[in-house]
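Visitor: Before anything else, here's the structure in question.
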Number of protein chains: 2
Amino acid sequence: MNIRTLCLGILSFQEASGYEIKKEIEEGMFSHFIDASYGSIYPALSQLNAEGLVTVRAEEQTGRPDKKVYSVTDAGRAALAKGLLVIPARDKYKSEFLFEMLFKNMLPDAHIRLAIEKQLHDLREDLSRMAECRAEGQTNEGSEFIMGYGEAVLTAGAKYLEAKIAELQPNIKLAAE
Amino acid sequence: MNIRTLCLGILSFQEASGYEIKKEIEEGMFSHFIDASYGSIYPALSQLNAEGLVTVRAEEQTGRPDKKVYSVTDAGRAALAKGLLVIPARDKYKSEFLFEMLFKNMLPDAHIRLAIEKQLHDLREDLSRMAECRAEGQTNEGSEFIMGYGEAVLTAGAKYLEAKIAELQPNIKLAAE
DNA sequence: TGAGCATATATCAATTTGGCATATAGCAAA
DNA sequence: TTTGCTATATGCCAAATTGATATATGCTCA
């Protein structure tokens, strides 16, 4: 699936500028499983516009470039529906964290601890972003599904890491006994 | 973290050719959280060789190009250790599956079912690959950690999907009652 | 006052992907 | 038996994507 379909999908929920799409991808519901940079979003929107799948409306701003607000056309909605009808490609997951952990015995304990805590922090951040999106309403059957999935997966990861951190501190446990 | 460090890490376990590194990334322990193509692996190995971080040995083959077997040098091991001492970047996760599910209500039930079953299949494949790696031995503290993490996360995802599939088939359940 | 962040678009070198080319051998199905 | 598929093995290349930077301004916090 290409970025064009992605933008089309996001715009099908609400008209938005390139900047707003990026924000949605970074902070919104999509953040858990989508990643895209300006360098791909802006060209994608131009192309979609050229293909007649979206329309643009320039909103004047003072002191900033005009905001270009994109809306999906009927042709765009049709293209989206068609683009969604493929069996999805396998998930792509890249984790520098897990790669580093593979070399646990080569690295100082303090670094391992930091890395695990960072990962745990990231997972919790992701979880709370989802909780926020839920709280803000705007949920439909689809978003319920993906948030349920995300919560299941992230919670399982966090639990695992919490247990591992506890193991790292046997001294503290002993002191408490 | 760049592909060069990745190759260095994989080679630190065992000398290998570019082809073998790719296989390891596709089928081995690394498959869960690493992805890389020939187009990045081969140039990375050439560069590592030019930098003196690995050495090459050509193994003659009949009917195939010579196998170029790469081994890490001491300088390479040092570079790896240094490269691992950064706080890992945030995980990157891209899922066309979840994106599609967001549009559940727009898509035919049959397609949704297929997509979920495909995802479940992928998760199980990933899980069994890990189980295999465990069975084959070759485990260390690091690989135990990452396989534990992977199992936790994948199992949680699979459980969630199994429950959702069950929900999709209330008719079958009713028939069984 | 000044640093840093948010808004907003856009470009671009560097990286990375995914498909193709090349070459051969083995195996299974038509 | 021939045809097509898979595995081995390296490498190239167009196309897609990233991540950083440029440009411009107003707001907030110390």
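Simple scheme: letters A, B, ... for chains in structure tokens order, numbers from 1 for residues in each chain, numbers from 1 for ligands in the order shown.
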What are the residues of chain B that have an atom within 8 Å of an atom of chain A, counting only C-alpha atoms, as a ChimeraX atom specification?
Guide: /B:1,30,32-35,81,84-85,87-107,111,114-115,118-119,122,141-143,145-146,148-149,152-154,156-157,160-161
Visitor: Given a cut-off of 9 Å, which residues of chain C touch chain A, counting only C-alpha atoms (C1' of nucleotides), written out as a ChimeraX atom specification?
Guide: /C:7-11
Visitor: Keeping only C-alpha atoms (C1' of nucleotides), write the selected residues to a file as a compact mmCIF listing (two decimals), in the first residue's frame.
Guide:
```txt
# COMPACT_ATOMS: atom_id res chain seq x y z
C1' DT C 7 2.48 26.44 12.42
C1' DA C 8 2.96 25.51 7.33
C1' DT C 9 4.95 24.22 2.86
C1' DA C 10 8.59 22.58 0.25
C1' DT C 11 13.03 20.61 -1.43
```
Visitor: Residues at most 8 Å from segment 13-23 of chain D, counting only C-alpha atoms (C1' of nucleotides), excluding those fewer than 4 positions away in the same chain, as a list in words?
Guide: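 Answer for this query is Ser37, Gly39 and Ser40 of chain A; DT15, DT16 and DT17 of chain C.
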Visitor: Give me, as a PyMOL selection string, the residues of chain A that a backbone DSSP run labels strand (DSSP E or B).
Guide: chain A and resi 16+54-59+67-72+92-94
Visitor: Of the candidates B:Leu11, B:Gly28, B:Leu168, B:Glu60, which one gets nearest to Glu132 of chain B if we count only C-alpha atoms?
Guide: B:Gly28
Visitor: One decimal, in Å: what's the spacing between atom CA of Val69 of chain A and atom CA of Ala16 of chain A?
Guide: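 Calculated distance between atom CA of Val69 of chain A and atom CA of Ala16 of chain A is 5.1 Å.
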Visitor: With only C-alpha atoms (C1' of nucleotides) considered, list every residue of chain D at most 10 Å from chain B, as a PDB file with C-alpha atoms (C1' of nucleotides), in the first residue's frame.
Guide:
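The new file iface22.pdb reads:
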```pdb
ATOM      1  C1'  DT D   8      21.703 -20.803  -4.485  1.00  0.00           C
ATOM      2  C1'  DA D   9      24.431 -16.390  -5.127  1.00  0.00           C
ATOM      3  C1'  DT D  10      25.736 -11.635  -6.420  1.00  0.00           C
ATOM      4  C1'  DG D  11      24.640  -7.387  -8.099  1.00  0.00           C
ATOM      5  C1'  DC D  12      22.250  -3.241 -10.396  1.00  0.00           C
ATOM      6  C1'  DC D  13      18.856   0.224 -10.739  1.00  0.00           C
TER       7       DC D  13
END
```
Visitor: Tell me, in Å to one decimal, how far atom CA of Arg4 of chain B is from atom CA of Arg134 of chain B.
Guide: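 Separation of atom CA of Arg4 of chain B and atom CA of Arg134 of chain B: 26.2 Å.
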Visitor: Between atom C1' of DC27 of chain C and atom C1' of DT3 of chain D, what distance in Å does the model show, to one decimal?
Guide: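 These atoms are spaced 12.0 Å apart.
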Visitor: Could you tell me which of B:Thr62, B:Lys22, B:Ile3, B:Arg77 comes closest to DA25 of chain C if we count only C-alpha atoms (C1' of nucleotides)?
Guide: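 With only C-alpha atoms (C1' of nucleotides) as the atom set, the closest residue is B:Thr62.
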Visitor: Determine, counting only C-alpha atoms (C1' of nucleotides), which protein, DNA and RNA residues have an atom within 12 Å of an atom of DC27 of chain D; residues of the same chain fewer than 6 positions away are not included. Present the result as a list of chain:residue names.
Guide: C:DG4, C:DC5, C:DA6, C:DT7
